[in-house]
file entry.pdb (PDB, C-alpha atoms)
ATOM      1  CA  GLN M  93      27.894 293.211  59.492  1.00  0.00           C
ATOM      2  CA  GLN M  94      25.373 292.628  56.729  1.00  0.00           C
ATOM      3  CA  GLN M  95      25.584 295.532  54.327  1.00  0.00           C
ATOM      4  CA  VAL M  96      23.027 294.071  51.922  1.00  0.00           C
ATOM      5  CA  LYS M  97      19.831 292.718  53.440  1.00  0.00           C
ATOM      6  CA  GLN M  98      17.700 290.424  51.298  1.00  0.00           C
ATOM      7  CA  SER M  99      14.156 289.215  51.821  1.00  0.00           C
ATOM      8  CA  PRO M 100      12.308 286.939  51.839  1.00  0.00           C
ATOM      9  CA  GLN M 101      14.481 283.950  52.622  1.00  0.00           C
ATOM     10  CA  SER M 102      12.143 281.687  50.660  1.00  0.00           C
ATOM     11  CA  LEU M 103       9.258 282.227  48.300  1.00  0.00           C
ATOM     12  CA  ILE M 104       6.622 279.980  46.762  1.00  0.00           C
ATOM     13  CA  VAL M 105       4.800 281.316  43.723  1.00  0.00           C
ATOM     14  CA  GLN M 106       2.302 279.728  41.407  1.00  0.00           C
ATOM     15  CA  LYS M 107       3.119 279.366  37.746  1.00  0.00           C
ATOM     16  CA  GLY M 108       2.226 282.561  35.922  1.00  0.00           C
ATOM     17  CA  GLY M 109       2.462 284.683  39.045  1.00  0.00           C
ATOM     18  CA  ILE M 110       4.869 287.485  39.919  1.00  0.00           C
ATOM     19  CA  SER M 111       7.889 286.773  42.119  1.00  0.00           C
ATOM     20  CA  ILE M 112       9.296 289.736  44.041  1.00  0.00           C
ATOM     21  CA  ILE M 113      12.571 289.725  45.964  1.00  0.00           C
ATOM     22  CA  ASN M 114      13.781 292.772  47.847  1.00  0.00           C
ATOM     23  CA  CYS M 115      17.198 294.036  48.877  1.00  0.00           C
ATOM     24  CA  ALA M 116      18.318 296.989  50.948  1.00  0.00           C
ATOM     25  CA  TYR M 117      21.824 298.375  51.231  1.00  0.00           C
ATOM     26  CA  GLU M 118      23.624 300.753  53.544  1.00  0.00           C
ATOM     27  CA  ASN M 119      26.704 301.957  51.717  1.00  0.00           C
ATOM     28  CA  THR M 120      25.847 304.927  49.496  1.00  0.00           C
ATOM     29  CA  ALA M 121      29.130 304.435  47.614  1.00  0.00           C
ATOM     30  CA  PHE M 122      27.750 301.293  45.953  1.00  0.00           C
ATOM     31  CA  ASP M 123      27.250 301.875  42.243  1.00  0.00           C
ATOM     32  CA  TYR M 124      26.610 298.432  40.786  1.00  0.00           C
ATOM     33  CA  PHE M 125      23.732 296.166  41.751  1.00  0.00           C
ATOM     34  CA  PRO M 126      23.633 292.747  40.057  1.00  0.00           C
ATOM     35  CA  TRP M 127      21.260 289.854  40.617  1.00  0.00           C
ATOM     36  CA  TYR M 128      22.519 286.292  40.349  1.00  0.00           C
ATOM     37  CA  GLN M 129      20.600 283.069  39.778  1.00  0.00           C
ATOM     38  CA  GLN M 130      21.899 279.779  41.146  1.00  0.00           C
ATOM     39  CA  PHE M 131      20.602 276.305  40.373  1.00  0.00           C
ATOM     40  CA  PRO M 132      21.435 273.374  42.685  1.00  0.00           C
ATOM     41  CA  GLY M 133      24.954 272.094  42.167  1.00  0.00           C
ATOM     42  CA  LYS M 134      25.964 275.056  40.011  1.00  0.00           C
ATOM     43  CA  GLY M 135      27.775 278.316  40.491  1.00  0.00           C
ATOM     44  CA  PRO M 136      25.811 281.580  40.454  1.00  0.00           C
ATOM     45  CA  ALA M 137      25.224 283.193  37.066  1.00  0.00           C
ATOM     46  CA  LEU M 138      24.477 286.833  36.357  1.00  0.00           C
ATOM     47  CA  LEU M 139      20.797 287.401  35.650  1.00  0.00           C
ATOM     48  CA  ILE M 140      20.462 291.165  35.358  1.00  0.00           C
ATOM     49  CA  ALA M 141      22.220 294.217  36.779  1.00  0.00           C
ATOM     50  CA  ILE M 142      21.512 297.908  37.286  1.00  0.00           C
ATOM     51  CA  ARG M 143      23.397 301.120  37.986  1.00  0.00           C
ATOM     52  CA  PRO M 144      22.002 303.796  40.312  1.00  0.00           C
ATOM     53  CA  ASP M 145      21.492 306.316  37.506  1.00  0.00           C
ATOM     54  CA  VAL M 146      18.376 304.459  36.314  1.00  0.00           C
ATOM     55  CA  SER M 147      15.264 303.498  38.264  1.00  0.00           C
ATOM     56  CA  GLU M 148      14.316 300.397  36.324  1.00  0.00           C
ATOM     57  CA  LYS M 149      15.850 297.856  33.984  1.00  0.00           C
ATOM     58  CA  LYS M 150      13.960 295.151  32.181  1.00  0.00           C
ATOM     59  CA  GLU M 151      15.246 292.073  30.404  1.00  0.00           C
ATOM     60  CA  GLY M 152      12.534 289.736  29.223  1.00  0.00           C
ATOM     61  CA  ARG M 153      10.481 288.616  32.207  1.00  0.00           C
ATOM     62  CA  PHE M 154      13.015 289.981  34.691  1.00  0.00           C
ATOM     63  CA  THR M 155      12.918 293.569  35.968  1.00  0.00           C
ATOM     64  CA  ILE M 156      15.047 295.392  38.524  1.00  0.00           C
ATOM     65  CA  SER M 157      13.471 298.350  40.278  1.00  0.00           C
ATOM     66  CA  PHE M 158      15.864 300.712  42.006  1.00  0.00           C
ATOM     67  CA  ASN M 159      15.045 303.341  44.638  1.00  0.00           C
ATOM     68  CA  LYS M 160      18.174 305.342  45.369  1.00  0.00           C
ATOM     69  CA  SER M 161      16.670 307.527  48.105  1.00  0.00           C
ATOM     70  CA  ALA M 162      15.385 304.498  50.006  1.00  0.00           C
ATOM     71  CA  LYS M 163      18.560 302.505  49.280  1.00  0.00           C
ATOM     72  CA  GLN M 164      16.491 299.600  48.061  1.00  0.00           C
ATOM     73  CA  PHE M 165      16.299 297.518  44.922  1.00  0.00           C
ATOM     74  CA  SER M 166      14.126 294.616  43.951  1.00  0.00           C
ATOM     75  CA  LEU M 167      13.839 291.841  41.391  1.00  0.00           C
ATOM     76  CA  HIS M 168      10.495 291.148  39.770  1.00  0.00           C
ATOM     77  CA  ILE M 169       9.956 287.948  37.801  1.00  0.00           C
ATOM     78  CA  MET M 170       6.846 288.216  35.688  1.00  0.00           C
ATOM     79  CA  ASP M 171       4.926 285.145  34.515  1.00  0.00           C
ATOM     80  CA  SER M 172       7.036 282.933  36.799  1.00  0.00           C
ATOM     81  CA  GLN M 173       7.781 279.467  35.436  1.00  0.00           C
ATOM     82  CA  PRO M 174       8.838 276.217  37.146  1.00  0.00           C
ATOM     83  CA  GLY M 175      12.211 276.607  35.398  1.00  0.00           C
ATOM     84  CA  ASP M 176      12.736 279.798  37.393  1.00  0.00           C
ATOM     85  CA  SER M 177      12.927 277.732  40.582  1.00  0.00           C
ATOM     86  CA  ALA M 178      16.384 278.558  41.916  1.00  0.00           C
ATOM     87  CA  THR M 179      18.150 280.601  44.551  1.00  0.00           C
ATOM     88  CA  TYR M 180      18.497 284.305  43.791  1.00  0.00           C
ATOM     89  CA  PHE M 181      21.150 286.584  45.228  1.00  0.00           C
ATOM     90  CA  CYS M 182      21.338 290.347  45.080  1.00  0.00           C
ATOM     91  CA  ALA M 183      24.729 291.998  45.352  1.00  0.00           C
ATOM     92  CA  ALA M 184      26.287 295.430  45.533  1.00  0.00           C
ATOM     93  CA  SER M 185      29.689 296.843  44.811  1.00  0.00           C
ATOM     94  CA  ARG M 186      31.642 300.035  44.234  1.00  0.00           C
ATOM     95  CA  ASP M 187      33.509 301.119  41.111  1.00  0.00           C
ATOM     96  CA  GLY M 188      31.274 299.209  38.752  1.00  0.00           C
ATOM     97  CA  GLY M 189      31.902 295.938  40.502  1.00  0.00           C
ATOM     98  CA  TYR M 190      35.669 296.163  40.435  1.00  0.00           C
ATOM     99  CA  GLN M 191      35.986 296.363  44.196  1.00  0.00           C
ATOM    100  CA  LYS M 192      34.806 294.173  47.033  1.00  0.00           C
ATOM    101  CA  VAL M 193      31.411 292.627  46.283  1.00  0.00           C
ATOM    102  CA  THR M 194      28.802 292.174  49.012  1.00  0.00           C
ATOM    103  CA  PHE M 195      26.020 289.651  48.481  1.00  0.00           C
ATOM    104  CA  GLY M 196      22.636 289.289  50.106  1.00  0.00           C
ATOM    105  CA  THR M 197      21.796 286.082  51.936  1.00  0.00           C
ATOM    106  CA  GLY M 198      19.750 284.624  49.088  1.00  0.00           C
ATOM    107  CA  THR M 199      16.110 283.790  48.320  1.00  0.00           C
ATOM    108  CA  LYS M 200      15.056 280.276  47.438  1.00  0.00           C
ATOM    109  CA  LEU M 201      12.263 280.541  44.898  1.00  0.00           C
ATOM    110  CA  GLN M 202       9.940 277.670  44.142  1.00  0.00           C
ATOM    111  CA  VAL M 203       7.456 278.044  41.311  1.00  0.00           C
ATOM    112  CA  ILE M 204       4.693 275.455  41.538  1.00  0.00           C
ATOM    113  CA  PRO M 205       2.623 274.364  38.545  1.00  0.00           C
TER     114      PRO M 205
ATOM    115  CA  GLU K 118      34.937 277.127  25.838  1.00  0.00           C
ATOM    116  CA  ALA K 119      35.219 280.154  28.129  1.00  0.00           C
ATOM    117  CA  GLN K 120      35.195 278.930  31.689  1.00  0.00           C
ATOM    118  CA  VAL K 121      36.422 279.086  35.250  1.00  0.00           C
ATOM    119  CA  THR K 122      37.675 275.763  36.566  1.00  0.00           C
ATOM    120  CA  GLN K 123      38.252 274.716  40.150  1.00  0.00           C
ATOM    121  CA  ASN K 124      40.022 271.711  41.594  1.00  0.00           C
ATOM    122  CA  PRO K 125      39.266 269.648  43.475  1.00  0.00           C
ATOM    123  CA  ARG K 126      35.469 269.717  43.308  1.00  0.00           C
ATOM    124  CA  TYR K 127      35.150 267.810  46.584  1.00  0.00           C
ATOM    125  CA  LEU K 128      37.606 267.562  49.438  1.00  0.00           C
ATOM    126  CA  ILE K 129      37.466 266.027  52.885  1.00  0.00           C
ATOM    127  CA  THR K 130      40.404 266.798  55.121  1.00  0.00           C
ATOM    128  CA  VAL K 131      41.377 266.996  58.777  1.00  0.00           C
ATOM    129  CA  THR K 132      42.036 269.959  61.012  1.00  0.00           C
ATOM    130  CA  GLY K 133      45.447 271.504  60.513  1.00  0.00           C
ATOM    131  CA  LYS K 134      46.393 269.804  57.234  1.00  0.00           C
ATOM    132  CA  LYS K 135      47.361 272.470  54.720  1.00  0.00           C
ATOM    133  CA  LEU K 136      45.439 272.464  51.473  1.00  0.00           C
ATOM    134  CA  THR K 137      45.194 274.422  48.253  1.00  0.00           C
ATOM    135  CA  VAL K 138      42.166 274.844  46.028  1.00  0.00           C
ATOM    136  CA  THR K 139      43.133 275.840  42.518  1.00  0.00           C
ATOM    137  CA  CYS K 140      41.241 278.218  40.262  1.00  0.00           C
ATOM    138  CA  SER K 141      41.971 278.889  36.622  1.00  0.00           C
ATOM    139  CA  GLN K 142      40.234 280.964  33.946  1.00  0.00           C
ATOM    140  CA  ASN K 143      40.813 281.004  30.187  1.00  0.00           C
ATOM    141  CA  MET K 144      39.176 284.360  29.423  1.00  0.00           C
ATOM    142  CA  ASN K 145      42.205 286.583  30.086  1.00  0.00           C
ATOM    143  CA  HIS K 146      40.307 288.281  32.898  1.00  0.00           C
ATOM    144  CA  GLU K 147      42.087 290.719  35.154  1.00  0.00           C
ATOM    145  CA  TYR K 148      39.774 290.394  38.155  1.00  0.00           C
ATOM    146  CA  MET K 149      39.479 287.152  40.121  1.00  0.00           C
ATOM    147  CA  SER K 150      37.815 286.433  43.411  1.00  0.00           C
ATOM    148  CA  TRP K 151      37.054 283.751  45.983  1.00  0.00           C
ATOM    149  CA  TYR K 152      33.748 283.345  47.836  1.00  0.00           C
ATOM    150  CA  ARG K 153      32.391 280.950  50.383  1.00  0.00           C
ATOM    151  CA  GLN K 154      28.731 280.004  50.488  1.00  0.00           C
ATOM    152  CA  ASP K 155      27.070 278.929  53.716  1.00  0.00           C
ATOM    153  CA  PRO K 156      23.376 278.263  54.409  1.00  0.00           C
ATOM    154  CA  GLY K 157      21.607 281.386  55.591  1.00  0.00           C
ATOM    155  CA  LEU K 158      24.677 283.562  55.009  1.00  0.00           C
ATOM    156  CA  GLY K 159      24.717 283.704  51.236  1.00  0.00           C
ATOM    157  CA  LEU K 160      27.975 284.318  49.432  1.00  0.00           C
ATOM    158  CA  ARG K 161      30.765 286.071  51.258  1.00  0.00           C
ATOM    159  CA  GLN K 162      33.864 287.310  49.545  1.00  0.00           C
ATOM    160  CA  ILE K 163      37.161 286.019  50.929  1.00  0.00           C
ATOM    161  CA  TYR K 164      39.775 287.698  48.744  1.00  0.00           C
ATOM    162  CA  TYR K 165      39.864 289.361  45.373  1.00  0.00           C
ATOM    163  CA  SER K 166      42.574 290.317  42.910  1.00  0.00           C
ATOM    164  CA  MET K 167      42.402 293.129  40.398  1.00  0.00           C
ATOM    165  CA  ASN K 168      45.465 291.932  38.510  1.00  0.00           C
ATOM    166  CA  VAL K 169      48.704 289.985  38.815  1.00  0.00           C
ATOM    167  CA  GLU K 170      50.388 290.602  42.171  1.00  0.00           C
ATOM    168  CA  VAL K 171      47.441 292.753  43.341  1.00  0.00           C
ATOM    169  CA  THR K 172      45.197 291.204  45.993  1.00  0.00           C
ATOM    170  CA  ASP K 173      42.869 292.592  48.639  1.00  0.00           C
ATOM    171  CA  LYS K 174      40.748 291.288  51.470  1.00  0.00           C
ATOM    172  CA  GLY K 175      37.057 290.653  51.152  1.00  0.00           C
ATOM    173  CA  ASP K 176      34.678 290.345  54.068  1.00  0.00           C
ATOM    174  CA  VAL K 177      35.957 287.065  55.525  1.00  0.00           C
ATOM    175  CA  PRO K 178      39.725 286.722  54.860  1.00  0.00           C
ATOM    176  CA  GLU K 179      40.739 285.211  58.216  1.00  0.00           C
ATOM    177  CA  GLY K 180      42.310 281.775  57.875  1.00  0.00           C
ATOM    178  CA  TYR K 181      42.873 282.066  54.122  1.00  0.00           C
ATOM    179  CA  LYS K 182      45.732 283.094  51.850  1.00  0.00           C
ATOM    180  CA  VAL K 183      45.824 283.794  48.144  1.00  0.00           C
ATOM    181  CA  SER K 184      48.423 284.571  45.529  1.00  0.00           C
ATOM    182  CA  ARG K 185      48.199 285.908  41.989  1.00  0.00           C
ATOM    183  CA  LYS K 186      51.451 285.185  40.199  1.00  0.00           C
ATOM    184  CA  GLU K 187      49.854 284.548  36.829  1.00  0.00           C
ATOM    185  CA  LYS K 188      46.844 286.167  35.254  1.00  0.00           C
ATOM    186  CA  ARG K 189      44.941 282.933  34.717  1.00  0.00           C
ATOM    187  CA  ASN K 190      45.422 281.339  38.172  1.00  0.00           C
ATOM    188  CA  PHE K 191      44.243 282.362  41.620  1.00  0.00           C
ATOM    189  CA  PRO K 192      44.770 279.590  44.199  1.00  0.00           C
ATOM    190  CA  LEU K 193      43.144 279.643  47.628  1.00  0.00           C
ATOM    191  CA  ILE K 194      45.346 278.356  50.439  1.00  0.00           C
ATOM    192  CA  LEU K 195      44.198 277.137  53.832  1.00  0.00           C
ATOM    193  CA  GLU K 196      47.371 276.738  55.858  1.00  0.00           C
ATOM    194  CA  SER K 197      45.703 275.263  58.935  1.00  0.00           C
ATOM    195  CA  PRO K 198      42.091 274.399  58.133  1.00  0.00           C
ATOM    196  CA  SER K 199      39.538 274.312  60.911  1.00  0.00           C
ATOM    197  CA  PRO K 200      36.001 272.862  60.991  1.00  0.00           C
ATOM    198  CA  ASN K 201      34.470 276.350  60.662  1.00  0.00           C
ATOM    199  CA  GLN K 202      35.993 276.508  57.187  1.00  0.00           C
ATOM    200  CA  THR K 203      33.748 273.679  56.047  1.00  0.00           C
ATOM    201  CA  SER K 204      31.861 275.329  53.226  1.00  0.00           C
ATOM    202  CA  LEU K 205      31.153 275.541  49.507  1.00  0.00           C
ATOM    203  CA  TYR K 206      33.791 277.664  47.787  1.00  0.00           C
ATOM    204  CA  PHE K 207      33.447 279.503  44.493  1.00  0.00           C
ATOM    205  CA  CYS K 208      36.055 281.160  42.359  1.00  0.00           C
ATOM    206  CA  ALA K 209      34.979 283.884  39.931  1.00  0.00           C
ATOM    207  CA  SER K 210      36.536 286.116  37.306  1.00  0.00           C
ATOM    208  CA  ARG K 211      35.603 289.164  35.276  1.00  0.00           C
ATOM    209  CA  SER K 212      37.177 291.395  32.684  1.00  0.00           C
ATOM    210  CA  GLY K 213      38.790 294.613  33.831  1.00  0.00           C
ATOM    211  CA  SER K 214      38.604 296.272  30.445  1.00  0.00           C
ATOM    212  CA  GLN K 215      35.435 298.088  31.433  1.00  0.00           C
ATOM    213  CA  VAL K 216      33.381 298.376  34.571  1.00  0.00           C
ATOM    214  CA  TYR K 217      29.934 296.867  35.078  1.00  0.00           C
ATOM    215  CA  ASN K 218      31.105 293.603  33.542  1.00  0.00           C
ATOM    216  CA  GLU K 219      29.633 290.214  34.307  1.00  0.00           C
ATOM    217  CA  GLN K 220      31.383 288.065  36.882  1.00  0.00           C
ATOM    218  CA  PHE K 221      31.723 284.386  35.847  1.00  0.00           C
ATOM    219  CA  PHE K 222      31.676 281.738  38.552  1.00  0.00           C
ATOM    220  CA  GLY K 223      33.316 278.346  38.659  1.00  0.00           C
ATOM    221  CA  PRO K 224      31.430 275.151  39.541  1.00  0.00           C
ATOM    222  CA  GLY K 225      32.362 275.215  43.220  1.00  0.00           C
ATOM    223  CA  THR K 226      34.488 273.177  45.625  1.00  0.00           C
ATOM    224  CA  ARG K 227      32.798 271.516  48.559  1.00  0.00           C
ATOM    225  CA  LEU K 228      35.235 271.358  51.460  1.00  0.00           C
ATOM    226  CA  THR K 229      34.712 269.397  54.654  1.00  0.00           C
ATOM    227  CA  VAL K 230      37.177 269.834  57.513  1.00  0.00           C
ATOM    228  CA  LEU K 231      36.916 267.155  60.213  1.00  0.00           C
TER     229      LEU K 231
END
call {"tool": "encode", "arguments": {"input": "entry.pdb", "output": "structure tokens"}}
result
Amino acid sequence: QQQVKQSPQSLIVQKGGISIINCAYENTAFDYFPWYQQFPGKGPALLIAIRPDVSEKKEGRFTISFNKSAKQFSLHIMDSQPGDSATYFCAASRDGGYQKVTFGTGTKLQVIP
Amino acid sequence: EAQVTQNPRYLITVTGKKLTVTCSQNMNHEYMSWYRQDPGLGLRQIYYSMNVEVTDKGDVPEGYKVSRKEKRNFPLILESPSPNQTSLYFCASRSGSQVYNEQFFGPGTRLTVL
């Protein structure tokens, strides 16, 4: 059973545009929602993470928006660059990430010049 | 350099031949975990360990074993591999000193079971 649903599966954005990836979860006990970035041939790396006590977190061009009542969270990449082309995974976990971690299925982002 | 290492990076084997994929971290992390990555399915957690001698099942533990006898090592054992275990495997670790810590991933092991 997929407890974290991620969409879209792939995304093509023009350079300078906004990339938006959405995730929805089912388990209300989740309290840690990280986003990972993965380049081809590499392991995932943490990009940005949020806890459910805040509705938004911004780090540079990357923003997480969190809607606790809708059980949804999204990643926004502002001013998307070709170097942002990668696969992005959302994830969710309990106990601050110290329990089982459930990942979304991933979004392959391509930023075209 | 702080890192998670995995060996081997690539492995081709045959059905039923026991194998072990090693994972080691040099960051003194308490928490370690194994994932498999398959197209269209994302990353799925196989097993995780919160400390030495403490392990628990993830979402897809069937066909796998793990052990955590030392803090730095967390090997993944496939006692009788089958073709449906062909996948890209990642080991990861994180500190247990506080919650909401970053999880660090290894470079991956690509396993093919014929």
call {"tool": "resolve_selection", "arguments": {"input": "entry.pdb", "expression": "the ChimeraX specification (/K :<7) & /M", "output": "PyMOL selection string"}}
result
chain M and resi 124+134-138+188-190+192-198
call {"tool": "write_last_selection", "arguments": {"input": "entry.pdb", "atoms": "C-alpha atoms", "output": "short mmCIF file (atom, residue, chain, number, x, y, z; two decimals), in the frame of the given file"}}
result
data_model
loop_
_atom_site.label_atom_id
_atom_site.label_comp_id
_atom_site.auth_asym_id
_atom_site.auth_seq_id
_atom_site.Cartn_x
_atom_site.Cartn_y
_atom_site.Cartn_z
CA TYR M 124 26.61 298.43 40.79
CA LYS M 134 25.96 275.06 40.01
CA GLY M 135 27.78 278.32 40.49
CA PRO M 136 25.81 281.58 40.45
CA ALA M 137 25.22 283.19 37.07
CA LEU M 138 24.48 286.83 36.36
CA GLY M 188 31.27 299.21 38.75
CA GLY M 189 31.90 295.94 40.50
CA TYR M 190 35.67 296.16 40.44
CA LYS M 192 34.81 294.17 47.03
CA VAL M 193 31.41 292.63 46.28
CA THR M 194 28.80 292.17 49.01
CA PHE M 195 26.02 289.65 48.48
CA GLY M 196 22.64 289.29 50.11
CA THR M 197 21.80 286.08 51.94
CA GLY M 198 19.75 284.62 49.09
#
call {"tool": "resolve_selection", "arguments": {"input": "entry.pdb", "expression": "the PyMOL selection byres ((chain K and resi 125-138) around 12)", "output": "number ranges by chain"}}
result
M: 133-135; K: 122-124, 139-141, 151, 180-184, 190-208, 223-231
call {"tool": "resolve_selection", "arguments": {"input": "entry.pdb", "expression": "the PyMOL selection byres ((chain M and resi 99) around 9)", "output": "MDAnalysis selection string"}}
result
chainID M and resid 97:98 100:102 113:116 196:199
call {"tool": "write_last_selection", "arguments": {"input": "entry.pdb", "atoms": "C-alpha atoms", "output": "PDB file, in the frame of the given file"}}
result
ATOM      1  CA  LYS M  97      19.831 292.718  53.440  1.00  0.00           C
ATOM      2  CA  GLN M  98      17.700 290.424  51.298  1.00  0.00           C
ATOM      3  CA  PRO M 100      12.308 286.939  51.839  1.00  0.00           C
ATOM      4  CA  GLN M 101      14.481 283.950  52.622  1.00  0.00           C
ATOM      5  CA  SER M 102      12.143 281.687  50.660  1.00  0.00           C
ATOM      6  CA  ILE M 113      12.571 289.725  45.964  1.00  0.00           C
ATOM      7  CA  ASN M 114      13.781 292.772  47.847  1.00  0.00           C
ATOM      8  CA  CYS M 115      17.198 294.036  48.877  1.00  0.00           C
ATOM      9  CA  ALA M 116      18.318 296.989  50.948  1.00  0.00           C
ATOM     10  CA  GLY M 196      22.636 289.289  50.106  1.00  0.00           C
ATOM     11  CA  THR M 197      21.796 286.082  51.936  1.00  0.00           C
ATOM     12  CA  GLY M 198      19.750 284.624  49.088  1.00  0.00           C
ATOM     13  CA  THR M 199      16.110 283.790  48.320  1.00  0.00           C
TER      14      THR M 199
END
call {"tool": "atom_distance", "arguments": {"input": "entry.pdb", "atom1": "atom CA of M:Ser147", "atom2": "atom CA of M:Gly109"}}
result
22.8 Å
call {"tool": "atom_distance", "arguments": {"input": "entry.pdb", "atom1": "atom CA of M:Ile142", "atom2": "atom CA of M:Ala162"}}
result
15.6 Å
call {"tool": "closest_residue", "arguments": {"input": "entry.pdb", "among": "M:Ala184, M:Ile156, M:Ile110, M:Leu167", "to": "M:Asp123", "atoms": "only C-alpha atoms"}}
result
M:Ala184
call {"tool": "atom_distance", "arguments": {"input": "entry.pdb", "atom1": "atom CA of K:Ser210", "atom2": "atom CA of M:Gln130"}}
result
16.4 Å
